[in-house]
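Okay, model_39.cif is below, mmCIF, C-alpha atoms:
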data_start
#
loop_
_atom_site.label_atom_id
_atom_site.label_comp_id
_atom_site.auth_asym_id
_atom_site.auth_seq_id
_atom_site.Cartn_x
_atom_site.Cartn_y
_atom_site.Cartn_z
CA MET A 1 194.16 69.49 76.08
CA ARG A 2 191.93 72.55 76.09
CA LEU A 3 191.99 74.65 79.25
CA ALA A 4 189.54 77.50 79.76
CA ASN A 5 188.47 80.18 82.20
CA LEU A 6 184.76 79.69 82.89
CA ASN A 7 183.39 82.39 85.17
CA ASP A 8 186.86 82.79 86.73
CA ARG A 9 187.32 79.07 87.40
CA ALA A 10 189.74 76.82 85.56
CA VAL A 11 188.06 74.07 83.53
CA LEU A 12 189.14 71.33 81.18
CA LEU A 13 187.07 71.21 78.02
CA VAL A 14 186.01 67.90 76.51
CA GLY A 15 183.90 68.42 73.43
CA PRO A 16 181.02 70.73 74.41
CA THR A 17 181.42 70.09 78.14
CA ALA A 18 183.54 71.58 80.92
CA ILE A 19 185.14 69.79 83.87
CA ASP A 20 185.90 71.92 86.92
CA VAL A 21 189.60 71.52 87.77
CA VAL A 22 189.18 71.98 91.53
CA GLU A 23 186.53 69.27 91.69
CA ALA A 24 188.38 66.92 89.35
CA THR A 25 191.66 67.17 91.30
CA LYS A 26 190.04 67.26 94.75
CA GLY A 27 191.35 70.75 95.37
CA GLU A 28 194.96 70.10 94.36
CA PHE A 29 194.81 72.55 91.44
CA GLY A 30 192.85 75.72 90.72
CA PRO A 31 190.58 77.48 91.01
CA THR A 32 192.48 80.13 89.03
CA LEU A 33 194.33 79.56 85.79
CA GLY A 34 197.23 81.63 87.05
CA SER A 35 197.91 79.15 89.84
CA ILE A 36 197.84 76.31 87.31
CA TYR A 37 200.48 77.95 85.09
CA GLU A 38 202.68 78.31 88.17
CA ARG A 39 202.63 74.51 88.59
CA TRP A 40 202.32 73.61 84.94
CA ASP A 41 204.34 70.38 84.82
CA ALA A 42 202.58 68.97 87.88
CA PHE A 43 199.20 69.93 86.46
CA VAL A 44 199.88 68.29 83.09
CA ALA A 45 200.83 65.08 84.87
CA ALA A 46 197.68 65.18 87.01
CA ALA A 47 195.42 66.07 84.09
CA SER A 48 196.23 62.83 82.31
CA GLY A 49 194.42 60.96 85.09
CA ILE A 50 191.29 63.12 85.29
CA ASP A 51 187.98 61.41 84.64
CA THR A 52 186.53 63.29 81.66
CA SER A 53 183.11 61.64 81.64
CA GLY A 54 181.33 64.03 84.00
CA GLY A 55 181.53 67.31 82.13
CA ARG A 56 178.77 69.92 82.12
CA THR A 57 177.57 71.98 79.19
CA PHE A 58 178.35 75.69 79.33
CA ASP A 59 177.52 78.99 77.68
CA GLU A 60 180.42 80.45 75.67
CA ARG A 61 179.45 83.90 76.95
CA ASP A 62 180.73 82.81 80.36
CA LEU A 63 184.26 82.26 79.07
CA ARG A 64 186.87 84.73 80.29
CA SER A 65 190.47 85.32 79.20
CA PRO A 66 192.50 82.09 79.48
CA VAL A 67 195.32 84.19 80.95
CA PRO A 68 193.49 86.61 83.25
CA ALA A 69 196.43 88.16 85.12
CA PRO A 70 199.85 87.68 83.50
CA ARG A 71 202.79 89.42 85.07
CA GLN A 72 204.29 90.26 81.69
CA VAL A 73 202.68 90.80 78.29
CA PHE A 74 204.98 90.95 75.29
CA ALA A 75 203.91 91.99 71.80
CA ILE A 76 205.77 91.97 68.52
CA GLY A 77 205.34 94.49 65.74
CA LEU A 78 205.93 93.95 62.02
CA ASN A 79 206.44 90.19 62.33
CA TYR A 80 204.82 88.93 59.11
CA ARG A 81 206.41 89.42 55.72
CA SER A 82 203.00 90.24 54.25
CA HIS A 83 202.43 92.97 56.85
CA ALA A 84 205.87 94.47 56.25
CA ALA A 85 205.09 94.55 52.54
CA GLU A 86 201.72 96.28 52.95
CA THR A 87 203.22 98.98 55.17
CA GLY A 88 206.20 99.52 52.89
CA MET A 89 208.61 98.95 55.75
CA ALA A 90 211.78 96.91 55.67
CA VAL A 91 211.80 93.46 57.24
CA PRO A 92 213.30 93.96 60.73
CA GLU A 93 216.56 92.31 61.76
CA VAL A 94 215.49 91.94 65.39
CA PRO A 95 211.97 91.59 66.87
CA ALA A 96 210.15 94.90 67.35
CA ALA A 97 209.01 94.24 70.91
CA PHE A 98 206.71 96.34 73.08
CA THR A 99 204.14 95.61 75.79
CA LYS A 100 200.39 95.63 76.14
CA PHE A 101 199.70 96.44 79.77
CA PRO A 102 197.97 93.50 81.52
CA MET A 103 194.87 95.52 82.42
CA SER A 104 194.07 95.84 78.70
CA LEU A 105 193.40 92.10 78.35
CA ALA A 106 189.83 90.91 77.95
CA GLY A 107 187.74 87.84 77.32
CA PRO A 108 186.99 86.13 74.01
CA PHE A 109 183.45 87.49 73.69
CA ASP A 110 183.75 90.80 75.54
CA GLU A 111 182.64 94.07 73.99
CA VAL A 112 185.33 96.50 72.86
CA GLU A 113 184.78 100.12 73.88
CA LEU A 114 186.31 102.24 71.12
CA SER A 115 188.64 105.01 72.25
CA GLY A 116 188.26 107.08 69.09
CA GLU A 117 187.80 107.04 65.33
CA THR A 118 191.11 105.42 64.35
CA VAL A 119 190.90 102.05 66.11
CA ASP A 120 192.29 99.10 64.14
CA TRP A 121 192.24 95.29 64.26
CA GLU A 122 195.19 92.84 64.37
CA VAL A 123 194.53 89.10 64.71
CA GLU A 124 197.45 87.35 66.40
CA LEU A 125 198.64 83.99 67.62
CA VAL A 126 199.26 84.31 71.37
CA VAL A 127 201.79 82.13 73.18
CA VAL A 128 201.39 81.35 76.89
CA ILE A 129 204.52 80.47 78.86
CA GLY A 130 204.28 77.39 81.09
CA ARG A 131 207.83 77.05 82.37
CA LYS A 132 210.24 79.74 83.52
CA ALA A 133 212.39 80.68 80.52
CA ASP A 134 215.84 82.16 81.11
CA ARG A 135 218.30 82.33 78.20
CA VAL A 136 216.46 79.58 76.36
CA SER A 137 217.88 77.99 73.22
CA LEU A 138 215.93 77.76 69.96
CA GLU A 139 215.88 73.98 70.25
CA SER A 140 214.23 73.96 73.68
CA ALA A 141 211.94 76.98 73.30
CA TRP A 142 208.70 75.06 72.64
CA GLU A 143 209.29 73.08 75.85
CA HIS A 144 208.59 76.28 77.79
CA VAL A 145 205.17 76.87 76.22
CA ALA A 146 201.98 75.87 78.03
CA GLY A 147 199.83 76.43 74.98
CA LEU A 148 198.44 78.72 72.32
CA THR A 149 195.37 80.92 72.06
CA VAL A 150 193.79 83.54 69.78
CA GLY A 151 194.29 87.24 70.41
CA GLN A 152 193.41 90.65 69.02
CA ASP A 153 196.00 93.41 69.36
CA ILE A 154 193.42 96.19 68.99
CA SER A 155 195.16 99.49 68.38
CA ASP A 156 194.29 103.16 68.62
CA ARG A 157 196.45 104.37 65.74
CA THR A 158 196.32 108.05 66.73
CA MET A 159 197.71 107.33 70.19
CA GLN A 160 200.09 104.67 68.83
CA PHE A 161 201.94 107.17 66.64
CA ALA A 162 201.69 110.20 68.95
CA ALA A 163 204.69 111.70 70.71
CA ALA A 164 207.19 109.83 68.52
CA GLY A 165 205.48 106.53 69.27
CA GLN A 166 203.18 105.42 72.09
CA PHE A 167 202.76 101.78 71.04
CA SER A 168 202.12 100.46 74.53
CA LEU A 169 199.52 103.09 75.41
CA GLY A 170 197.88 103.01 71.99
CA LYS A 171 197.38 99.26 72.32
CA SER A 172 196.39 99.17 75.98
CA TYR A 173 193.02 100.87 76.27
CA ARG A 174 190.51 98.91 78.33
CA GLY A 175 189.54 95.74 76.52
CA TYR A 176 192.10 96.12 73.71
CA GLY A 177 193.52 92.62 74.24
CA PRO A 178 190.71 90.05 73.90
CA MET A 179 192.03 86.48 74.08
CA GLY A 180 190.62 82.97 73.93
CA PRO A 181 188.36 81.21 73.62
CA TRP A 182 190.65 78.80 75.49
CA LEU A 183 194.24 77.58 75.70
CA VAL A 184 195.24 74.60 73.54
CA THR A 185 198.37 72.69 74.55
CA THR A 186 201.08 72.29 71.94
CA ASP A 187 200.73 68.49 71.68
CA GLU A 188 197.38 69.05 69.96
CA PHE A 189 199.05 70.49 66.84
CA ALA A 190 200.72 68.51 64.06
CA ASN A 191 202.96 71.54 63.46
CA PRO A 192 202.55 74.50 65.84
CA ASP A 193 204.83 76.58 63.59
CA ASP A 194 202.36 76.48 60.69
CA LEU A 195 198.80 77.44 61.62
CA GLN A 196 196.28 79.35 59.54
CA LEU A 197 194.78 82.43 61.16
CA GLY A 198 192.35 85.07 60.03
CA CYS A 199 189.95 87.87 60.90
CA MET A 200 186.44 88.74 59.74
CA LEU A 201 184.89 92.20 60.08
CA ASN A 202 181.08 92.14 59.87
CA GLY A 203 181.32 88.86 57.95
CA GLU A 204 183.93 90.14 55.47
CA GLU A 205 187.34 88.49 55.53
CA VAL A 206 190.01 91.12 56.17
CA GLN A 207 192.98 88.94 57.17
CA ARG A 208 194.14 85.41 56.34
CA GLU A 209 197.66 84.02 56.56
CA ARG A 210 199.72 81.17 58.01
CA THR A 211 202.07 81.51 60.95
CA SER A 212 204.80 80.02 58.76
CA ASP A 213 205.01 83.58 57.32
CA LEU A 214 206.29 84.88 60.66
CA ILE A 215 209.60 86.67 60.32
CA PHE A 216 210.59 85.61 63.85
CA THR A 217 209.16 82.23 64.81
CA VAL A 218 207.82 81.36 68.25
CA PRO A 219 211.14 79.69 69.24
CA GLN A 220 213.07 82.73 68.00
CA LEU A 221 210.88 85.09 70.00
CA ILE A 222 211.18 83.05 73.19
CA SER A 223 214.94 82.69 72.78
CA THR A 224 215.41 86.41 72.06
CA LEU A 225 213.14 87.68 74.83
CA SER A 226 214.49 85.25 77.43
CA GLY A 227 217.99 86.39 76.55
CA VAL A 228 217.04 89.86 77.75
CA LEU A 229 214.87 89.02 80.78
CA VAL A 230 213.26 86.02 82.43
CA LEU A 231 209.88 84.87 81.08
CA LEU A 232 207.59 83.65 83.86
CA PRO A 233 204.80 81.04 83.91
CA GLY A 234 201.60 82.66 82.68
CA ASP A 235 203.36 85.37 80.67
CA VAL A 236 201.97 85.90 77.18
CA ILE A 237 203.48 86.84 73.82
CA PHE A 238 201.37 88.42 71.08
CA THR A 239 203.38 87.26 68.07
CA GLY A 240 202.36 89.84 65.46
CA THR A 241 199.70 90.31 62.80
CA PRO A 242 199.63 89.55 59.05
CA ALA A 243 198.56 91.82 56.20
CA GLY A 244 195.04 93.23 56.07
CA VAL A 245 194.97 95.82 58.85
CA GLY A 246 192.77 98.87 58.42
CA ILE A 247 195.43 101.57 58.46
CA ALA A 248 197.21 100.05 55.43
CA ARG A 249 194.08 100.16 53.25
CA GLN A 250 193.34 102.84 50.67
CA PRO A 251 191.49 104.66 52.03
CA PRO A 252 192.21 103.58 55.64
CA ARG A 253 189.40 101.70 57.34
CA PHE A 254 188.78 101.71 61.08
CA LEU A 255 186.39 100.15 63.57
CA ALA A 256 183.02 101.75 64.31
CA PRO A 257 180.33 101.14 66.93
CA GLY A 258 178.35 98.01 66.08
CA ASP A 259 181.18 96.35 64.14
CA VAL A 260 181.76 92.67 64.91
CA LEU A 261 185.28 91.24 64.85
CA GLU A 262 185.71 87.49 64.53
CA SER A 263 189.28 86.26 64.91
CA TRP A 264 190.26 82.61 64.47
CA ILE A 265 193.19 80.23 64.35
CA GLU A 266 192.96 76.67 63.07
CA GLY A 267 193.15 74.07 65.79
CA ILE A 268 192.24 76.63 68.46
CA GLY A 269 188.94 78.37 67.79
CA THR A 270 187.25 81.73 67.27
CA ILE A 271 186.80 84.82 69.42
CA ARG A 272 184.07 87.36 68.68
CA ASN A 273 184.05 90.95 69.87
CA THR A 274 181.44 93.62 69.21
CA CYS A 275 182.54 97.25 69.18
CA ARG A 276 180.67 99.97 71.01
CA ALA A 277 181.06 103.70 71.37
CA SER A 278 182.96 105.15 74.28
CA SER A 279 180.87 105.91 77.34
CA HIS A 280 183.06 108.92 78.17
#

What does this structure look like when you write it as C-alpha cells?
Amino acid sequence: MRLANLNDRAVLLVGPTAIDVVEATKGEFGPTLGSIYERWDAFVAAASGIDTSGGRTFDERDLRSPVPAPRQVFAIGLNYRSHAAETGMAVPEVPAAFTKFPMSLAGPFDEVELSGETVDWEVELVVVIGRKADRVSLESAWEHVAGLTVGQDISDRTMQFAAAGQFSLGKSYRGYGPMGPWLVTTDEFANPDDLQLGCMLNGEEVQRERTSDLIFTVPQLISTLSGVLVLLPGDVIFTGTPAGVGIARQPPRFLAPGDVLESWIEGIGTIRNTCRASSH
C-alpha cells in the first residue's frame, strides 16, 4: 500500500491515481495522515476493503510530507560502514542518535533554502512508526513499523560542528528534512532490510548503496531507541546515510543555489529538491 499526503489530505495511491481516504471510508479515517497513524491497525484493516477503481490523477507537485507533524524525529549518524570508512571514523558500538526538530521537515518536491556555503546532502531511508513501541525486541521490531519513505538529512556543516557539536540545530534549518514522495507499507518489500538507495546532484550520481550495509539495522534501531523511551505512532527515524557526502570529498563539495538533489530508494520512489539562496 502507498499512502500519501496530497494537499494536506490523506490519499491511497493506485498506479497514477489517488483515492481520498475520507471519501473512501465515509469519514471514518482522515483527513490527516497523523490521525491515520494513531489508528494504524484499524486503518490497515479498513484499507483492504476500499474500492480502488475511482482514483483521480494528481500533480506530484501537490504532494506534501507523508509524515507532516511527528511528535518525535530520530536521526542516526555514522550508520553505514562505507560512510564510516570515508570519514576515517571508527564503527560505533551504539547508535549515534540525535534529533531533527519536526519543523525542519518538508515535502518531497519542496525547495531547499540554503543557510550558508557549507550545506551538505545525505540520502536516507526513513522509518515511520505505526504502533507504540516500548522496550521492543529485535524479533518484533518490524511489527511496529507503518512503512518506509525517502528522506534527505540536509546538513549545515558549519553549524553542525560548532560549539563542540550542534547536530540537531545544524540539521534542522527550515526545509532541511524533505521526505516522500509517499509511505510504502512493509508488506510491499521482498526484504525491507536490503534496499538500494542513492542520490543524484545535478544529474551526477553522488551516493549509491544498499541498506544491508547499515551498521545498526532497522530492528536494532527500534529496539535500542524504544529501550530508552517510548516511540509513538507517526514518529520517524532517519536511519543514516552511506558514503558520498560532500564534506568527505577532496576538496569538499557543498550545495549551491540552483542545484537539484534527487534522492531515491528502490521500491519507494524519488524525491527532488531544488536549492535556492537564503532570502535573509

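Here atom CA of Val22 of chain A is placed at a distance of 15.1 Å from atom CA of Ala45 of chain A.
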
Determine the residue set returned by the PyMOL selection byres ((chain A and resi 257-271) around 6) for the present structure, and present it as a short mmCIF file (atom, residue, chain, number, x, y, z; two decimals) with C-alpha atoms, in the frame of the given file.
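Wrote it out as out.cif, contents follow:
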data_model
loop_
_atom_site.label_atom_id
_atom_site.label_comp_id
_atom_site.auth_asym_id
_atom_site.auth_seq_id
_atom_site.Cartn_x
_atom_site.Cartn_y
_atom_site.Cartn_z
CA PRO A 108 186.99 86.13 74.01
CA VAL A 123 194.53 89.10 64.71
CA PRO A 181 188.36 81.21 73.62
CA GLN A 196 196.28 79.35 59.54
CA LEU A 197 194.78 82.43 61.16
CA GLY A 198 192.35 85.07 60.03
CA CYS A 199 189.95 87.87 60.90
CA MET A 200 186.44 88.74 59.74
CA LEU A 201 184.89 92.20 60.08
CA ASN A 202 181.08 92.14 59.87
CA ALA A 256 183.02 101.75 64.31
CA ARG A 272 184.07 87.36 68.68
CA ASN A 273 184.05 90.95 69.87
CA THR A 274 181.44 93.62 69.21
CA CYS A 275 182.54 97.25 69.18
CA ARG A 276 180.67 99.97 71.01
CA ALA A 277 181.06 103.70 71.37
#

- Task: Return as a PyMOL selection string the set of residues that the PyMOL selection byres ((chain A and resi 161-178) around 9) yields on the displayed structure.
- Result: chain A and resi 65+98-115+150-160+179-180+271-273

Dump C-alpha atoms for the selected residues as a JSON list (two decimals), in the frame of the given file?
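After the write, out.json holds the following:
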[["chain", "number", "residue", "atom", "x", "y", "z"],
["A", 65, "SER", "CA", 190.47, 85.32, 79.20],
["A", 98, "PHE", "CA", 206.71, 96.34, 73.08],
["A", 99, "THR", "CA", 204.14, 95.61, 75.79],
["A", 100, "LYS", "CA", 200.39, 95.63, 76.14],
["A", 101, "PHE", "CA", 199.70, 96.44, 79.77],
["A", 102, "PRO", "CA", 197.97, 93.50, 81.52],
["A", 103, "MET", "CA", 194.87, 95.52, 82.42],
["A", 104, "SER", "CA", 194.07, 95.84, 78.70],
["A", 105, "LEU", "CA", 193.40, 92.10, 78.35],
["A", 106, "ALA", "CA", 189.83, 90.91, 77.95],
["A", 107, "GLY", "CA", 187.74, 87.84, 77.32],
["A", 108, "PRO", "CA", 186.99, 86.13, 74.01],
["A", 109, "PHE", "CA", 183.45, 87.49, 73.69],
["A", 110, "ASP", "CA", 183.75, 90.80, 75.54],
["A", 111, "GLU", "CA", 182.64, 94.07, 73.99],
["A", 112, "VAL", "CA", 185.33, 96.50, 72.86],
["A", 113, "GLU", "CA", 184.78, 100.12, 73.88],
["A", 114, "LEU", "CA", 186.31, 102.24, 71.12],
["A", 115, "SER", "CA", 188.64, 105.01, 72.25],
["A", 150, "VAL", "CA", 193.79, 83.54, 69.78],
["A", 151, "GLY", "CA", 194.29, 87.24, 70.41],
["A", 152, "GLN", "CA", 193.41, 90.65, 69.02],
["A", 153, "ASP", "CA", 196.00, 93.41, 69.36],
["A", 154, "ILE", "CA", 193.42, 96.19, 68.99],
["A", 155, "SER", "CA", 195.16, 99.49, 68.38],
["A", 156, "ASP", "CA", 194.29, 103.16, 68.62],
["A", 157, "ARG", "CA", 196.45, 104.37, 65.74],
["A", 158, "THR", "CA", 196.32, 108.05, 66.73],
["A", 159, "MET", "CA", 197.71, 107.33, 70.19],
["A", 160, "GLN", "CA", 200.09, 104.67, 68.83],
["A", 179, "MET", "CA", 192.03, 86.48, 74.08],
["A", 180, "GLY", "CA", 190.62, 82.97, 73.93],
["A", 271, "ILE", "CA", 186.80, 84.82, 69.42],
["A", 272, "ARG", "CA", 184.07, 87.36, 68.68],
["A", 273, "ASN", "CA", 184.05, 90.95, 69.87]]

- Query: Between atom CA of Phe254 of chain A and atom CA of Val218 of chain A, what is the spacing in Å?
  - Reply: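 Computing it gives 28.8 Å between the two atoms.
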
- Counting all atoms listed in the file, the residue of A:Arg253, A:Leu125, A:Val228, A:Phe189 that sits nearest Thr211 of chain A: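 Of the candidates, the smallest distance to Thr211 of chain A is held by A:Leu125.
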
- Taking (208.5, 85.3, 66.3) in the file's coordinates, which residues come within 12 Å, counting all atoms listed in the file, written as a VMD selection string? chain A and resid 74 to 81 92 to 97 124 to 127 138 141 193 211 to 225 237 to 241

- Message: What would the selection look like, as JSON, numbers by chain, if the PyMOL selection byres ((chain A and resi 130-134) around 12) were run on the coordinates I just shared?
- Response: {"A": [33, 34, 35, 36, 37, 38, 39, 40, 41, 42, 43, 44, 67, 70, 127, 128, 129, 135, 136, 137, 138, 140, 141, 142, 143, 144, 145, 146, 147, 148, 183, 185, 186, 219, 221, 222, 223, 224, 225, 226, 227, 228, 229, 230, 231, 232, 233, 234, 235, 236, 237]}

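The space separating atom CA of Glu28 of chain A from atom CA of Ala47 of chain A comes to 11.0 Å.
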
- Message: I'd like to know which of A:Leu195, A:Glu86, A:Asp120, A:Ser278 is closest to Gly246 of chain A, using all atoms listed in the file.
- Response: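 Looking at the shortest contact to Gly246 of chain A, the residue is A:Asp120.
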
- Message: When you count only C-alpha atoms, which of these residues is closest to Asn7 of chain A: A:Asp20, A:Phe29, A:Asp62, A:Val206?
- Response: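 Going through A:Asp20, A:Phe29, A:Asp62, A:Val206 one by one, the smallest distance to Asn7 of chain A is for A:Asp62.
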
Reconstruct segment 75-104 of chain A at the level of N, CA and C atoms, and format the result as a PDB file, keeping the file's coordinate frame.
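Output file result-v8.pdb follows:
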ATOM      1  N   ALA A  75     204.537  91.919  73.120  1.00  0.00           N
ATOM      2  CA  ALA A  75     203.910  91.990  71.800  1.00  0.00           C
ATOM      3  C   ALA A  75     204.991  92.325  70.783  1.00  0.00           C
ATOM      4  N   ILE A  76     204.773  91.821  69.568  1.00  0.00           N
ATOM      5  CA  ILE A  76     205.770  91.970  68.520  1.00  0.00           C
ATOM      6  C   ILE A  76     205.164  92.686  67.328  1.00  0.00           C
ATOM      7  N   GLY A  77     205.805  93.753  66.903  1.00  0.00           N
ATOM      8  CA  GLY A  77     205.340  94.490  65.740  1.00  0.00           C
ATOM      9  C   GLY A  77     206.026  94.030  64.470  1.00  0.00           C
ATOM     10  N   LEU A  78     205.344  94.196  63.342  1.00  0.00           N
ATOM     11  CA  LEU A  78     205.930  93.950  62.020  1.00  0.00           C
ATOM     12  C   LEU A  78     206.594  92.576  61.939  1.00  0.00           C
ATOM     13  N   ASN A  79     205.836  91.520  62.267  1.00  0.00           N
ATOM     14  CA  ASN A  79     206.440  90.190  62.330  1.00  0.00           C
ATOM     15  C   ASN A  79     205.915  89.232  61.266  1.00  0.00           C
ATOM     16  N   TYR A  80     205.183  89.740  60.282  1.00  0.00           N
ATOM     17  CA  TYR A  80     204.820  88.930  59.110  1.00  0.00           C
ATOM     18  C   TYR A  80     205.359  89.618  57.874  1.00  0.00           C
ATOM     19  N   ARG A  81     205.884  88.838  56.963  1.00  0.00           N
ATOM     20  CA  ARG A  81     206.410  89.420  55.720  1.00  0.00           C
ATOM     21  C   ARG A  81     205.319  90.157  54.963  1.00  0.00           C
ATOM     22  N   SER A  82     204.101  89.598  54.978  1.00  0.00           N
ATOM     23  CA  SER A  82     203.000  90.240  54.250  1.00  0.00           C
ATOM     24  C   SER A  82     202.645  91.586  54.864  1.00  0.00           C
ATOM     25  N   HIS A  83     202.745  91.702  56.178  1.00  0.00           N
ATOM     26  CA  HIS A  83     202.430  92.970  56.850  1.00  0.00           C
ATOM     27  C   HIS A  83     203.524  94.000  56.588  1.00  0.00           C
ATOM     28  N   ALA A  84     204.781  93.554  56.587  1.00  0.00           N
ATOM     29  CA  ALA A  84     205.870  94.470  56.250  1.00  0.00           C
ATOM     30  C   ALA A  84     205.689  95.008  54.838  1.00  0.00           C
ATOM     31  N   ALA A  85     205.274  94.133  53.938  1.00  0.00           N
ATOM     32  CA  ALA A  85     205.090  94.550  52.540  1.00  0.00           C
ATOM     33  C   ALA A  85     203.973  95.577  52.408  1.00  0.00           C
ATOM     34  N   GLU A  86     202.847  95.360  53.110  1.00  0.00           N
ATOM     35  CA  GLU A  86     201.720  96.280  52.950  1.00  0.00           C
ATOM     36  C   GLU A  86     201.994  97.645  53.568  1.00  0.00           C
ATOM     37  N   THR A  87     202.888  97.693  54.550  1.00  0.00           N
ATOM     38  CA  THR A  87     203.220  98.980  55.170  1.00  0.00           C
ATOM     39  C   THR A  87     204.385  99.672  54.483  1.00  0.00           C
ATOM     40  N   GLY A  88     205.052  98.948  53.582  1.00  0.00           N
ATOM     41  CA  GLY A  88     206.200  99.520  52.890  1.00  0.00           C
ATOM     42  C   GLY A  88     207.435  99.628  53.751  1.00  0.00           C
ATOM     43  N   MET A  89     207.473  98.887  54.842  1.00  0.00           N
ATOM     44  CA  MET A  89     208.610  98.950  55.750  1.00  0.00           C
ATOM     45  C   MET A  89     209.541  97.776  55.531  1.00  0.00           C
ATOM     46  N   ALA A  90     210.800  97.969  55.837  1.00  0.00           N
ATOM     47  CA  ALA A  90     211.780  96.910  55.670  1.00  0.00           C
ATOM     48  C   ALA A  90     211.553  95.802  56.697  1.00  0.00           C
ATOM     49  N   VAL A  91     211.893  94.578  56.304  1.00  0.00           N
ATOM     50  CA  VAL A  91     211.800  93.460  57.240  1.00  0.00           C
ATOM     51  C   VAL A  91     212.815  93.682  58.365  1.00  0.00           C
ATOM     52  N   PRO A  92     212.377  93.664  59.618  1.00  0.00           N
ATOM     53  CA  PRO A  92     213.300  93.960  60.730  1.00  0.00           C
ATOM     54  C   PRO A  92     214.347  92.868  60.925  1.00  0.00           C
ATOM     55  N   GLU A  93     215.484  93.267  61.476  1.00  0.00           N
ATOM     56  CA  GLU A  93     216.560  92.310  61.760  1.00  0.00           C
ATOM     57  C   GLU A  93     216.476  91.750  63.158  1.00  0.00           C
ATOM     58  N   VAL A  94     215.754  92.436  64.030  1.00  0.00           N
ATOM     59  CA  VAL A  94     215.490  91.940  65.390  1.00  0.00           C
ATOM     60  C   VAL A  94     214.012  92.182  65.674  1.00  0.00           C
ATOM     61  N   PRO A  95     213.390  91.397  66.577  1.00  0.00           N
ATOM     62  CA  PRO A  95     211.970  91.590  66.870  1.00  0.00           C
ATOM     63  C   PRO A  95     211.671  92.990  67.393  1.00  0.00           C
ATOM     64  N   ALA A  96     210.613  93.588  66.879  1.00  0.00           N
ATOM     65  CA  ALA A  96     210.150  94.900  67.350  1.00  0.00           C
ATOM     66  C   ALA A  96     209.219  94.670  68.524  1.00  0.00           C
ATOM     67  N   ALA A  97     209.770  94.625  69.717  1.00  0.00           N
ATOM     68  CA  ALA A  97     209.010  94.240  70.910  1.00  0.00           C
ATOM     69  C   ALA A  97     208.500  95.461  71.665  1.00  0.00           C
ATOM     70  N   PHE A  98     207.299  95.332  72.191  1.00  0.00           N
ATOM     71  CA  PHE A  98     206.710  96.340  73.080  1.00  0.00           C
ATOM     72  C   PHE A  98     205.812  95.579  74.055  1.00  0.00           C
ATOM     73  N   THR A  99     205.043  96.287  74.870  1.00  0.00           N
ATOM     74  CA  THR A  99     204.140  95.610  75.790  1.00  0.00           C
ATOM     75  C   THR A  99     202.716  96.119  75.623  1.00  0.00           C
ATOM     76  N   LYS A 100     201.766  95.229  75.861  1.00  0.00           N
ATOM     77  CA  LYS A 100     200.390  95.630  76.140  1.00  0.00           C
ATOM     78  C   LYS A 100     200.264  95.503  77.655  1.00  0.00           C
ATOM     79  N   PHE A 101     199.795  96.532  78.319  1.00  0.00           N
ATOM     80  CA  PHE A 101     199.700  96.440  79.770  1.00  0.00           C
ATOM     81  C   PHE A 101     198.627  95.418  80.147  1.00  0.00           C
ATOM     82  N   PRO A 102     198.888  94.610  81.181  1.00  0.00           N
ATOM     83  CA  PRO A 102     197.970  93.500  81.520  1.00  0.00           C
ATOM     84  C   PRO A 102     196.520  93.906  81.710  1.00  0.00           C
ATOM     85  N   MET A 103     196.257  95.124  82.194  1.00  0.00           N
ATOM     86  CA  MET A 103     194.870  95.520  82.420  1.00  0.00           C
ATOM     87  C   MET A 103     194.099  95.754  81.119  1.00  0.00           C
ATOM     88  N   SER A 104     194.776  95.695  79.980  1.00  0.00           N
ATOM     89  CA  SER A 104     194.070  95.840  78.700  1.00  0.00           C
ATOM     90  C   SER A 104     193.487  94.525  78.205  1.00  0.00           C
TER      91      SER A 104
END
